[in-house]
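Note: the block below is structure11.cif and it holds mmCIF, C-alpha atoms and all ligand atoms.
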data_coords
loop_
_atom_site.label_atom_id
_atom_site.label_comp_id
_atom_site.auth_asym_id
_atom_site.auth_seq_id
_atom_site.Cartn_x
_atom_site.Cartn_y
_atom_site.Cartn_z
CA MET N 1 0.00 0.00 0.00
CA THR N 2 1.45 3.39 -0.98
CA GLY N 3 1.20 6.51 1.16
CA HIS N 4 -1.49 7.78 -1.21
CA ASP N 5 -3.56 4.64 -0.81
CA ARG N 6 -3.22 4.74 2.96
CA ALA N 7 -4.47 8.32 3.04
CA LEU N 8 -7.43 7.38 0.86
CA ALA N 9 -8.16 4.34 2.99
CA ARG N 10 -8.59 6.40 6.16
CA ALA N 11 -12.23 6.03 7.07
CA PRO N 12 -14.32 9.15 6.42
CA GLN N 13 -15.03 10.94 9.68
CA VAL N 14 -18.38 9.87 11.05
CA ALA N 15 -19.44 13.40 11.92
CA ALA N 16 -17.32 16.12 10.36
CA PRO N 17 -17.07 19.12 12.68
CA ALA N 18 -19.65 21.78 12.04
CA THR N 19 -16.97 24.44 11.96
CA LEU N 20 -13.36 24.39 10.91
CA VAL N 21 -10.97 27.15 11.99
CA LEU N 22 -7.86 27.52 9.84
CA THR N 23 -4.85 29.77 9.72
CA ARG N 24 -5.92 32.04 6.86
CA PRO N 25 -4.94 30.17 3.68
CA ASP N 26 -2.97 31.41 0.63
CA ASP N 27 -3.50 30.67 -3.06
CA TRP N 28 -0.16 29.83 -4.68
CA HIS N 29 -1.46 29.96 -8.28
CA LEU N 30 -4.09 32.47 -9.32
CA HIS N 31 -5.20 34.35 -12.46
CA LEU N 32 -6.69 37.76 -11.73
CA ARG N 33 -6.68 39.20 -15.30
CA ASP N 34 -6.65 43.00 -15.65
CA GLU N 35 -8.98 45.97 -16.07
CA PRO N 36 -11.92 46.00 -16.61
CA TYR N 37 -12.24 42.59 -14.90
CA LEU N 38 -10.00 42.98 -11.86
CA ALA N 39 -12.52 44.17 -9.30
CA ASP N 40 -15.03 41.43 -10.20
CA VAL N 41 -12.35 38.75 -9.94
CA VAL N 42 -10.08 39.68 -7.02
CA ARG N 43 -12.83 40.18 -4.45
CA HIS N 44 -13.50 36.44 -4.30
CA SER N 45 -9.87 35.61 -3.51
CA ALA N 46 -9.49 38.47 -1.04
CA GLU N 47 -12.46 37.18 0.96
CA ARG N 48 -10.76 33.84 1.51
CA PHE N 49 -6.99 34.10 1.17
CA GLY N 50 -4.32 36.22 2.82
CA ARG N 51 -1.97 36.17 -0.19
CA ALA N 52 -1.89 34.88 -3.73
CA ILE N 53 0.80 34.21 -6.30
CA VAL N 54 -0.57 36.19 -9.25
CA MET N 55 0.08 34.72 -12.69
CA PRO N 56 1.70 37.01 -15.28
CA ASN N 57 -0.05 35.79 -18.46
CA LEU N 58 -1.68 39.10 -19.35
CA ASP N 59 -1.59 40.39 -22.91
CA PRO N 60 1.04 41.82 -23.13
CA PRO N 61 2.62 39.59 -20.47
CA VAL N 62 4.19 40.81 -17.22
CA THR N 63 7.82 40.42 -18.29
CA THR N 64 9.53 43.06 -16.14
CA THR N 65 9.56 44.15 -12.51
CA ALA N 66 8.27 47.56 -13.60
CA ARG N 67 5.23 45.90 -15.19
CA ALA N 68 4.75 43.68 -12.13
CA LEU N 69 4.76 46.73 -9.83
CA ALA N 70 2.24 48.57 -12.00
CA TYR N 71 0.03 45.45 -12.15
CA ARG N 72 0.22 45.07 -8.38
CA ASP N 73 -0.91 48.69 -7.97
CA ARG N 74 -3.92 48.08 -10.24
CA ILE N 75 -4.85 45.00 -8.17
CA VAL N 76 -4.45 46.76 -4.83
CA ALA N 77 -6.58 49.68 -6.08
CA CYS N 78 -9.50 47.22 -6.45
CA LEU N 79 -9.28 45.81 -2.93
CA PRO N 80 -11.84 46.99 -0.38
CA ARG N 81 -9.33 46.18 2.43
CA PRO N 82 -5.84 46.32 0.91
CA GLU N 83 -4.24 45.40 4.24
CA ALA N 84 -6.06 42.03 4.26
CA PHE N 85 -4.85 40.58 0.93
CA ARG N 86 -1.34 40.71 -0.50
CA PRO N 87 -0.73 39.98 -4.19
CA LEU N 88 2.63 38.23 -4.66
CA MET N 89 3.77 39.07 -8.17
CA THR N 90 5.47 36.91 -10.82
CA LEU N 91 7.35 37.53 -14.05
CA TYR N 92 6.62 35.83 -17.35
CA LEU N 93 9.78 34.10 -18.58
CA THR N 94 10.74 34.73 -22.21
CA ALA N 95 13.84 34.25 -24.36
CA GLU N 96 14.58 37.94 -23.62
CA THR N 97 14.50 37.70 -19.80
CA SER N 98 17.98 38.85 -18.73
CA PRO N 99 19.90 37.92 -15.58
CA ALA N 100 19.80 41.64 -14.68
CA GLU N 101 15.98 41.58 -14.83
CA ILE N 102 15.99 38.52 -12.56
CA ARG N 103 18.22 40.27 -10.03
CA ALA N 104 16.02 43.40 -10.14
CA ALA N 105 12.95 41.21 -9.59
CA LYS N 106 14.46 39.56 -6.54
CA GLN N 107 15.64 42.88 -5.11
CA SER N 108 12.18 44.42 -5.50
CA GLY N 109 10.81 42.13 -2.78
CA VAL N 110 7.57 42.19 -4.76
CA VAL N 111 8.29 39.45 -7.32
CA HIS N 112 8.17 35.97 -5.79
CA GLY N 113 8.51 33.70 -8.81
CA VAL N 114 9.07 33.48 -12.55
CA LYS N 115 6.63 31.58 -14.72
CA TYR N 116 7.66 29.16 -17.48
CA TYR N 117 4.99 28.66 -20.15
CA PRO N 118 5.93 26.25 -22.94
CA VAL N 119 4.81 28.02 -26.15
CA GLY N 120 1.33 27.08 -27.28
CA THR N 121 0.17 25.16 -24.21
CA THR N 122 -2.38 27.55 -22.67
CA THR N 123 -3.87 31.06 -22.48
CA HIS N 124 -1.36 33.70 -23.70
CA SER N 125 1.55 31.26 -23.81
CA HIS N 126 2.76 32.38 -27.25
CA HIS N 127 5.44 34.63 -25.71
CA GLY N 128 6.75 31.71 -23.65
CA VAL N 129 9.61 29.25 -24.00
CA SER N 130 10.05 26.99 -27.03
CA ASP N 131 13.45 25.59 -26.00
CA PRO N 132 14.71 25.61 -22.37
CA GLU N 133 18.16 26.54 -23.68
CA GLN N 134 16.72 30.01 -24.52
CA VAL N 135 16.28 30.72 -20.83
CA SER N 136 19.33 29.04 -19.34
CA THR N 137 21.08 32.27 -18.27
CA ALA N 138 17.87 33.50 -16.60
CA LEU N 139 17.47 30.15 -14.81
CA ALA N 140 21.07 30.30 -13.61
CA ALA N 141 20.40 33.80 -12.21
CA MET N 142 17.22 32.59 -10.49
CA GLU N 143 19.11 29.72 -8.94
CA GLU N 144 21.77 32.14 -7.73
CA VAL N 145 19.42 34.71 -6.16
CA GLY N 146 16.85 32.18 -4.93
CA LEU N 147 13.83 33.08 -7.06
CA PRO N 148 11.50 30.11 -7.66
CA LEU N 149 10.63 28.86 -11.15
CA LEU N 150 6.90 28.16 -11.57
CA VAL N 151 6.28 25.68 -14.34
CA HIS N 152 3.33 25.00 -16.60
CA GLY N 153 4.31 21.37 -17.07
CA GLU N 154 2.91 20.32 -20.42
CA SER N 155 4.71 19.37 -23.60
CA PRO N 156 3.97 21.80 -26.42
CA ASP N 157 4.60 19.03 -28.98
CA ALA N 158 1.40 18.73 -31.04
CA GLY N 159 2.28 15.11 -31.74
CA VAL N 160 1.93 14.20 -28.06
CA ASP N 161 -1.49 12.95 -26.96
CA ALA N 162 -3.31 15.69 -25.01
CA PHE N 163 -3.59 13.42 -21.96
CA ASP N 164 0.13 12.57 -21.98
CA ARG N 165 1.52 16.10 -22.18
CA GLU N 166 2.34 16.41 -18.49
CA ALA N 167 4.24 13.12 -18.32
CA VAL N 168 6.15 13.89 -21.53
CA PHE N 169 7.11 17.36 -20.29
CA ILE N 170 8.37 15.86 -17.03
CA ASP N 171 10.52 13.31 -18.84
CA ARG N 172 11.86 15.47 -21.65
CA THR N 173 12.18 18.89 -20.04
CA LEU N 174 11.56 19.15 -16.30
CA ASP N 175 13.64 16.26 -15.07
CA PRO N 176 16.76 17.35 -17.02
CA LEU N 177 16.19 20.98 -15.96
CA ILE N 178 16.00 20.09 -12.27
CA ARG N 179 19.19 18.04 -12.56
CA ARG N 180 21.04 20.80 -14.39
CA PHE N 181 19.94 23.61 -12.05
CA SER N 182 20.21 21.50 -8.96
CA HIS N 183 19.56 24.30 -6.45
CA LEU N 184 16.78 26.06 -8.37
CA ARG N 185 13.51 26.10 -6.44
CA VAL N 186 10.80 24.76 -8.73
CA VAL N 187 7.00 24.52 -8.43
CA LEU N 188 5.28 22.18 -10.86
CA GLU N 189 1.91 23.89 -11.14
CA HIS N 190 -1.56 22.33 -11.26
CA LEU N 191 -0.51 18.68 -10.99
CA SER N 192 -2.96 16.53 -12.92
CA THR N 193 -1.56 12.99 -12.98
CA ALA N 194 -0.31 10.26 -10.67
CA ARG N 195 2.95 10.55 -12.63
CA ALA N 196 3.35 14.20 -11.60
CA VAL N 197 2.56 13.35 -7.97
CA ASP N 198 5.22 10.64 -7.95
CA PHE N 199 7.74 12.91 -9.68
CA VAL N 200 7.32 15.74 -7.16
CA ALA N 201 7.35 13.34 -4.22
CA ALA N 202 10.64 11.79 -5.40
CA ALA N 203 12.30 15.12 -6.31
CA PRO N 204 14.60 17.05 -3.93
CA PRO N 205 12.93 19.09 -1.14
CA HIS N 206 13.20 22.36 -3.09
CA VAL N 207 10.77 20.99 -5.74
CA GLY N 208 7.07 21.35 -4.89
CA GLY N 209 3.71 21.16 -6.61
CA THR N 210 0.36 22.93 -6.48
CA VAL N 211 -2.98 21.15 -6.81
CA THR N 212 -6.28 22.73 -7.88
CA ALA N 213 -9.70 22.04 -6.37
CA HIS N 214 -11.14 20.99 -9.72
CA HIS N 215 -8.44 18.39 -10.38
CA LEU N 216 -9.16 17.01 -6.88
CA LEU N 217 -12.93 16.85 -7.30
CA LEU N 218 -13.42 15.72 -10.92
CA ASN N 219 -12.03 13.36 -13.50
CA ARG N 220 -12.15 13.75 -17.27
CA SER N 221 -15.52 12.03 -17.63
CA ALA N 222 -17.06 15.19 -16.15
CA ILE N 223 -16.12 17.11 -19.31
CA PHE N 224 -18.47 14.89 -21.33
CA ASP N 225 -21.24 14.37 -18.76
CA GLY N 226 -24.54 14.69 -20.65
CA GLY N 227 -22.84 16.68 -23.45
CA LEU N 228 -19.73 18.80 -23.80
CA ARG N 229 -19.04 20.92 -20.68
CA PRO N 230 -16.82 23.80 -21.84
CA HIS N 231 -16.64 25.29 -18.35
CA LEU N 232 -14.72 22.22 -17.16
CA TYR N 233 -12.11 22.53 -19.89
CA CYS N 234 -8.75 23.67 -18.54
CA ALA N 235 -5.03 23.21 -19.05
CA PRO N 236 -3.86 20.71 -18.04
CA VAL N 237 -7.07 18.91 -18.92
CA LEU N 238 -8.70 16.77 -16.21
CA LYS N 239 -7.36 13.21 -16.17
CA ARG N 240 -8.43 9.69 -15.15
CA GLU N 241 -10.07 8.72 -11.85
CA SER N 242 -6.84 6.96 -10.85
CA ASP N 243 -4.99 10.27 -11.33
CA ARG N 244 -7.57 12.16 -9.29
CA ARG N 245 -7.20 9.64 -6.47
CA ALA N 246 -3.42 10.03 -6.53
CA LEU N 247 -3.85 13.81 -6.22
CA VAL N 248 -6.20 13.37 -3.25
CA GLY N 249 -3.67 11.05 -1.67
CA ALA N 250 -0.91 13.62 -2.19
CA VAL N 251 -2.73 16.58 -0.67
CA THR N 252 -4.14 14.65 2.29
CA GLY N 253 -0.88 12.80 2.97
CA GLY N 254 0.81 15.64 4.87
CA ASN N 255 3.83 15.95 2.55
CA PRO N 256 4.95 19.64 2.64
CA LYS N 257 5.85 19.54 -1.07
CA PHE N 258 2.17 19.76 -2.01
CA PHE N 259 0.27 22.98 -1.50
CA LEU N 260 -2.84 24.84 -2.55
CA GLY N 261 -2.98 26.61 -5.92
CA THR N 262 -6.44 27.10 -7.37
CA ASP N 263 -5.43 28.03 -10.93
CA SER N 264 -8.76 29.86 -10.90
CA ALA N 265 -8.77 31.23 -14.46
CA PRO N 266 -11.77 33.36 -15.44
CA HIS N 267 -12.86 33.77 -19.04
CA ALA N 268 -15.99 35.48 -20.33
CA ARG N 269 -18.86 33.09 -20.88
CA THR N 270 -18.74 33.91 -24.60
CA ALA N 271 -15.05 32.91 -24.80
CA LYS N 272 -15.73 29.57 -23.09
CA GLU N 273 -18.90 28.74 -25.02
CA SER N 274 -17.30 29.14 -28.44
CA SER N 275 -15.08 27.20 -30.80
CA PRO N 276 -12.32 26.88 -29.94
CA GLY N 277 -13.28 27.47 -26.31
CA ARG N 278 -10.68 28.95 -23.96
CA ALA N 279 -9.02 26.84 -21.25
CA GLY N 280 -9.64 27.77 -17.62
CA VAL N 281 -11.98 26.96 -14.72
CA PHE N 282 -13.12 29.70 -12.34
CA THR N 283 -13.16 28.48 -8.71
CA ALA N 284 -12.18 31.60 -6.74
CA HIS N 285 -15.79 32.21 -5.62
CA ALA N 286 -15.75 29.04 -3.47
CA ALA N 287 -12.11 28.01 -3.52
CA ILE N 288 -11.34 27.00 0.06
CA GLU N 289 -14.87 25.62 0.48
CA LEU N 290 -14.28 23.26 -2.48
CA TYR N 291 -10.99 22.04 -1.02
CA ALA N 292 -12.81 21.45 2.30
CA GLU N 293 -15.33 19.28 0.44
CA CYS N 294 -12.52 17.18 -0.99
CA PHE N 295 -10.69 16.80 2.33
CA ALA N 296 -13.94 15.95 4.15
CA ALA N 297 -14.78 13.28 1.57
CA ALA N 298 -11.33 11.75 2.14
CA GLY N 299 -11.78 11.86 5.94
CA ALA N 300 -8.80 14.19 6.18
CA LEU N 301 -10.14 17.58 7.28
CA ASP N 302 -7.39 17.66 9.90
CA ARG N 303 -4.88 17.89 7.01
CA LEU N 304 -6.49 20.83 5.23
CA GLU N 305 -4.74 23.57 7.21
CA ALA N 306 -1.24 22.29 6.47
CA PHE N 307 -1.99 22.01 2.73
CA ALA N 308 -3.86 25.31 2.45
CA SER N 309 -2.10 27.56 4.95
CA LEU N 310 1.35 26.25 5.94
CA HIS N 311 3.17 24.24 3.24
CA GLY N 312 3.14 26.91 0.53
CA ALA N 313 4.27 29.69 2.83
CA ALA N 314 7.17 27.54 4.04
CA PHE N 315 8.17 26.74 0.45
CA TYR N 316 8.21 30.44 -0.49
CA GLY N 317 10.07 31.36 2.72
CA LEU N 318 7.20 33.42 4.13
CA PRO N 319 5.57 33.21 7.58
CA PRO N 320 2.04 31.81 7.80
CA ASN N 321 -0.73 34.37 7.97
CA ARG N 322 -1.61 35.52 11.49
CA GLU N 323 -5.33 35.83 10.78
CA ARG N 324 -7.77 32.92 10.81
CA LEU N 325 -10.61 31.80 8.60
CA THR N 326 -13.64 29.87 9.80
CA LEU N 327 -15.54 27.47 7.56
CA VAL N 328 -18.91 26.00 8.46
CA ARG N 329 -20.26 22.70 7.20
CA ARG N 330 -23.37 24.08 5.59
CA SER N 331 -24.14 24.08 1.89
CA HIS N 332 -24.56 27.27 -0.10
CA SER N 333 -25.87 27.86 -3.61
CA ILE N 334 -23.68 28.96 -6.49
CA PRO N 335 -25.25 31.42 -8.96
CA GLU N 336 -25.57 30.51 -12.65
CA THR N 337 -23.30 33.44 -13.58
CA LEU N 338 -21.15 36.09 -11.93
CA PRO N 339 -20.32 39.60 -13.19
CA PHE N 340 -17.14 39.83 -15.29
CA GLY N 341 -16.49 43.37 -16.51
CA ASP N 342 -19.00 44.16 -19.23
CA GLY N 343 -19.95 40.47 -19.50
CA GLU N 344 -20.39 37.48 -17.24
CA LEU N 345 -18.58 34.28 -16.32
CA VAL N 346 -19.85 30.84 -15.39
CA PRO N 347 -18.39 29.77 -12.03
CA PHE N 348 -17.55 26.19 -11.01
CA ARG N 349 -20.75 24.40 -9.80
CA ALA N 350 -22.91 27.10 -11.42
CA GLY N 351 -26.53 26.54 -10.37
CA GLY N 352 -25.45 23.89 -7.85
CA THR N 353 -24.28 23.85 -4.25
CA VAL N 354 -21.02 23.64 -2.31
CA GLU N 355 -21.12 21.77 0.99
CA TRP N 356 -19.02 24.24 3.02
CA SER N 357 -19.42 27.99 3.54
CA LEU N 358 -17.42 30.87 4.96
CA ALA N 359 -18.50 31.65 8.52
CA ARG N 360 -18.76 35.32 7.57
CA ALA N 361 -21.68 34.46 5.29
CA ALA N 362 -23.31 32.67 8.24
CA SER N 363 -23.15 35.70 10.52
CA GLN N 364 -24.48 37.93 7.72
CA GLU N 365 -27.40 35.59 7.21
CA GLY N 366 -28.07 35.65 10.95
CA ALA N 367 -28.14 39.45 10.89
CA ARG N 368 -30.75 39.62 8.15
C1 LIG N 401 -5.06 29.50 -17.51
C2 LIG N 401 -5.57 30.84 -18.02
O1 LIG N 401 -6.66 30.88 -18.61
O2 LIG N 401 -4.88 31.84 -17.82
N1 LIG N 401 -5.89 28.45 -18.06
C3 LIG N 401 -6.04 27.19 -17.57
O3 LIG N 401 -6.73 26.40 -18.21
N2 LIG N 401 -5.48 26.82 -16.45
C4 LIG N 401 -3.62 29.35 -17.84
C5 LIG N 401 -2.96 28.16 -17.22
O4 LIG N 401 -2.64 28.16 -16.03
O5 LIG N 401 -2.76 27.18 -17.93
ZN ZN N 402 -2.76 28.90 -14.32
#

Could you spell out this file's structure in structure tokens?
Amino acid sequence: MTGHDRALARAPQVAAPATLVLTRPDDWHLHLRDEPYLADVVRHSAERFGRAIVMPNLDPPVTTTARALAYRDRIVACLPRPEAFRPLMTLYLTAETSPAEIRAAKQSGVVHGVKYYPVGTTTHSHHGVSDPEQVSTALAAMEEVGLPLLVHGESPDAGVDAFDREAVFIDRTLDPLIRRFSHLRVVLEHLSTARAVDFVAAAPPHVGGTVTAHHLLLNRSAIFDGGLRPHLYCAPVLKRESDRRALVGAVTGGNPKFFLGTDSAPHARTAKESSPGRAGVFTAHAAIELYAECFAAAGALDRLEAFASLHGAAFYGLPPNRERLTLVRRSHSIPETLPFGDGELVPFRAGGTVEWSLARAASQEGAR
């Protein structure tokens, strides 16, 4: 029996506690977009998380510290309580990223990671990396100054089966890269396969991985359930049930290499319900509640705080948040749509329910 299997085999708790108090969690992989969408998007994350690693795949991408600072200011301007939510900025790695830019990013204290997008794999990845050799001097500088590399781990090779892209990227690109830059801190983002779980678990301690709520809750059959479900299409695409179970085993197993990253990625409803439809699932409106559902189903609610609030902070060398967040085991309804600038988006579980709620919502209901 592997560690994953043992975690899954733990009997579900007979009566899950009605409330769960956590150190305020952080989201280590988040897409906030830009004006005119920012205010509609960021409020959901700010309600739940103390900090978030903000992805740089805007158009044009956030390739310099100056752009990251300006983007941070636009985000902060949308926050009702700027002191309660801290955006941790990232740079978008390109063939032009210089070692000097890396050093400036580190010195700024504002940039906490640099994102590697293989060209052609996901939203706005066309400015990304086609050959890791293009970015070797930047990677060496990151290794030297201690700036983590955040990796979209999918092979851009069109000849590779869509469901094998993560495994092929690990074998052909990530494994050699980690060996060559042996002190570089690396986060393999949005793990989607048992292969990725095993790879991260076996890698050195400075290699971690984020896991989304949707990859924990669904397998690829959900995309075709009763017809094509464009709002469940994301990169990397959902995988088999055996992969989902390996992910649940990883996050509930207590290993500090695995931490929370929603990859909440909003797109306008019209961009999702079109051909080709854009990749990305929006979960920010119920993010920590969805993770609680998954951990409760696995009988591992006692492991949620470490995964959501402690492991990621330790990996990034930051203290845990001092504030707390209280969840209550009571379902709440998810609207069919949410505002998104001049349009709307379709949130995860649209028209359905989520089994956990923020306690704040409970006290507001009581006050009505
Ligand atoms: C993300 C987006 O839309 O920005 N999409 C997604 O499906 N996850 C980009 C990404 O993280 O791949
Ligand atoms: Zn992402």

Enumerate, in order of chain and increasing residue number, the residues of chain N with an atom no farther than 7 Å from ligand ZN 402 (chain N), each with its shortest atom pair and distance in Å to one decimal, counting only C-alpha atoms and all ligand atoms, as JSON lines.
{"residue": "N:His29", "atom": "CA", "partner": "N:ZN402", "partner_atom": "ZN", "distance": 6.3}
{"residue": "N:Leu30", "atom": "CA", "partner": "N:ZN402", "partner_atom": "ZN", "distance": 6.3}
{"residue": "N:His31", "atom": "CA", "partner": "N:ZN402", "partner_atom": "ZN", "distance": 6.3}
{"residue": "N:Met55", "atom": "CA", "partner": "N:ZN402", "partner_atom": "ZN", "distance": 6.7}
{"residue": "N:Asp263", "atom": "CA", "partner": "N:ZN402", "partner_atom": "ZN", "distance": 4.4}
{"residue": "N:Ser264", "atom": "CA", "partner": "N:ZN402", "partner_atom": "ZN", "distance": 7.0}
{"residue": "N:Ala265", "atom": "CA", "partner": "N:ZN402", "partner_atom": "ZN", "distance": 6.4}

Just write the chosen residues, C-alpha atoms, as an mmCIF file, in the frame of the given file.
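Dumped to again12.cif:
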data_model
loop_
_atom_site.group_PDB
_atom_site.id
_atom_site.type_symbol
_atom_site.label_atom_id
_atom_site.label_comp_id
_atom_site.auth_asym_id
_atom_site.auth_seq_id
_atom_site.Cartn_x
_atom_site.Cartn_y
_atom_site.Cartn_z
ATOM 1 C CA HIS N 29 -1.460 29.960 -8.280
ATOM 2 C CA LEU N 30 -4.090 32.470 -9.320
ATOM 3 C CA HIS N 31 -5.200 34.350 -12.460
ATOM 4 C CA MET N 55 0.080 34.720 -12.690
ATOM 5 C CA ASP N 263 -5.430 28.030 -10.930
ATOM 6 C CA SER N 264 -8.760 29.860 -10.900
ATOM 7 C CA ALA N 265 -8.770 31.230 -14.460
#

Pick from N:Asp27, N:Glu144, N:Glu355, N:Glu189 nearest to ligand LIG 401 (chain N), counting all atoms listed in the file =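 Closest to ligand LIG 401 (chain N) of all the choices is N:Glu189.
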
Hey, can I get the axis-aligned box for ligand LIG 401 (chain N)? All listed atoms, 5 Å padding on each side, centre and edge lengths in Å to one decimal, as lines of an AutoDock Vina configuration file.
center_x = -4.7
center_y = 29.1
center_z = -17.3
size_x = 14.1
size_y = 15.4
size_z = 12.6

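For the pair CA of Leu218 in chain N and CA of Ala314 in chain N, the separation is 28.1 Å.
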
Produce a table with one row for each residue of chain N that has an atom at most 9 Å from any atom of ligand LIG 401 (chain N), each row naming the nearest atom pair and its distance in Å at one decimal; use only C-alpha atoms and all ligand atoms; arrange rows by chain and rising residue number; format as a Markdown table.
| residue | atom | partner | partner_atom | distance |
| --- | --- | --- | --- | --- |
| N:His29 | CA | N:LIG401 | O4 | 8.0 |
| N:Leu30 | CA | N:LIG401 | O4 | 8.1 |
| N:His31 | CA | N:LIG401 | O2 | 5.9 |
| N:Leu32 | CA | N:LIG401 | O2 | 8.7 |
| N:Arg33 | CA | N:LIG401 | O2 | 8.0 |
| N:Met55 | CA | N:LIG401 | O2 | 7.7 |
| N:Pro56 | CA | N:LIG401 | O2 | 8.7 |
| N:Asn57 | CA | N:LIG401 | O2 | 6.3 |
| N:Leu58 | CA | N:LIG401 | O2 | 8.1 |
| N:Tyr117 | CA | N:LIG401 | O5 | 8.2 |
| N:Thr121 | CA | N:LIG401 | O5 | 7.2 |
| N:Thr122 | CA | N:LIG401 | O5 | 4.8 |
| N:Thr123 | CA | N:LIG401 | O1 | 4.8 |
| N:His124 | CA | N:LIG401 | O2 | 7.1 |
| N:Ser125 | CA | N:LIG401 | C4 | 8.1 |
| N:His152 | CA | N:LIG401 | O5 | 6.6 |
| N:Glu189 | CA | N:LIG401 | O4 | 7.9 |
| N:His190 | CA | N:LIG401 | O4 | 7.6 |
| N:Tyr233 | CA | N:LIG401 | O3 | 6.8 |
| N:Cys234 | CA | N:LIG401 | O3 | 3.4 |
| N:Ala235 | CA | N:LIG401 | O3 | 3.7 |
| N:Pro236 | CA | N:LIG401 | O3 | 6.4 |
| N:Val237 | CA | N:LIG401 | O3 | 7.5 |
| N:Asp263 | CA | N:LIG401 | N2 | 5.7 |
| N:Ser264 | CA | N:LIG401 | N2 | 7.1 |
| N:Ala265 | CA | N:LIG401 | O1 | 4.7 |
| N:Pro266 | CA | N:LIG401 | O1 | 6.5 |
| N:His267 | CA | N:LIG401 | O1 | 6.9 |
| N:Arg278 | CA | N:LIG401 | O1 | 7.0 |
| N:Ala279 | CA | N:LIG401 | O3 | 3.8 |
| N:Gly280 | CA | N:LIG401 | O3 | 3.3 |
| N:Val281 | CA | N:LIG401 | O3 | 6.3 |

Excluding same-chain residues fewer than 6 positions from Pro335 in chain N, what lies within 10 Å of it counting all atoms listed in the file, as number ranges by chain? N: 346-353

- CA of Trp28 in chain N and CA of Ala52 in chain N, how far apart in Å?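 Distance between the two atoms: 5.4 Å.
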
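As for CA of Glu154 in chain N and CA of Ser274 in chain N, they are spaced 23.5 Å apart.
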
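Proximity to Arg195 in chain N was assessed for N:Gly146, N:Gly261, N:Gly153, N:Gly109 counting all atoms listed in the file; the smallest distance is recorded for N:Gly153.
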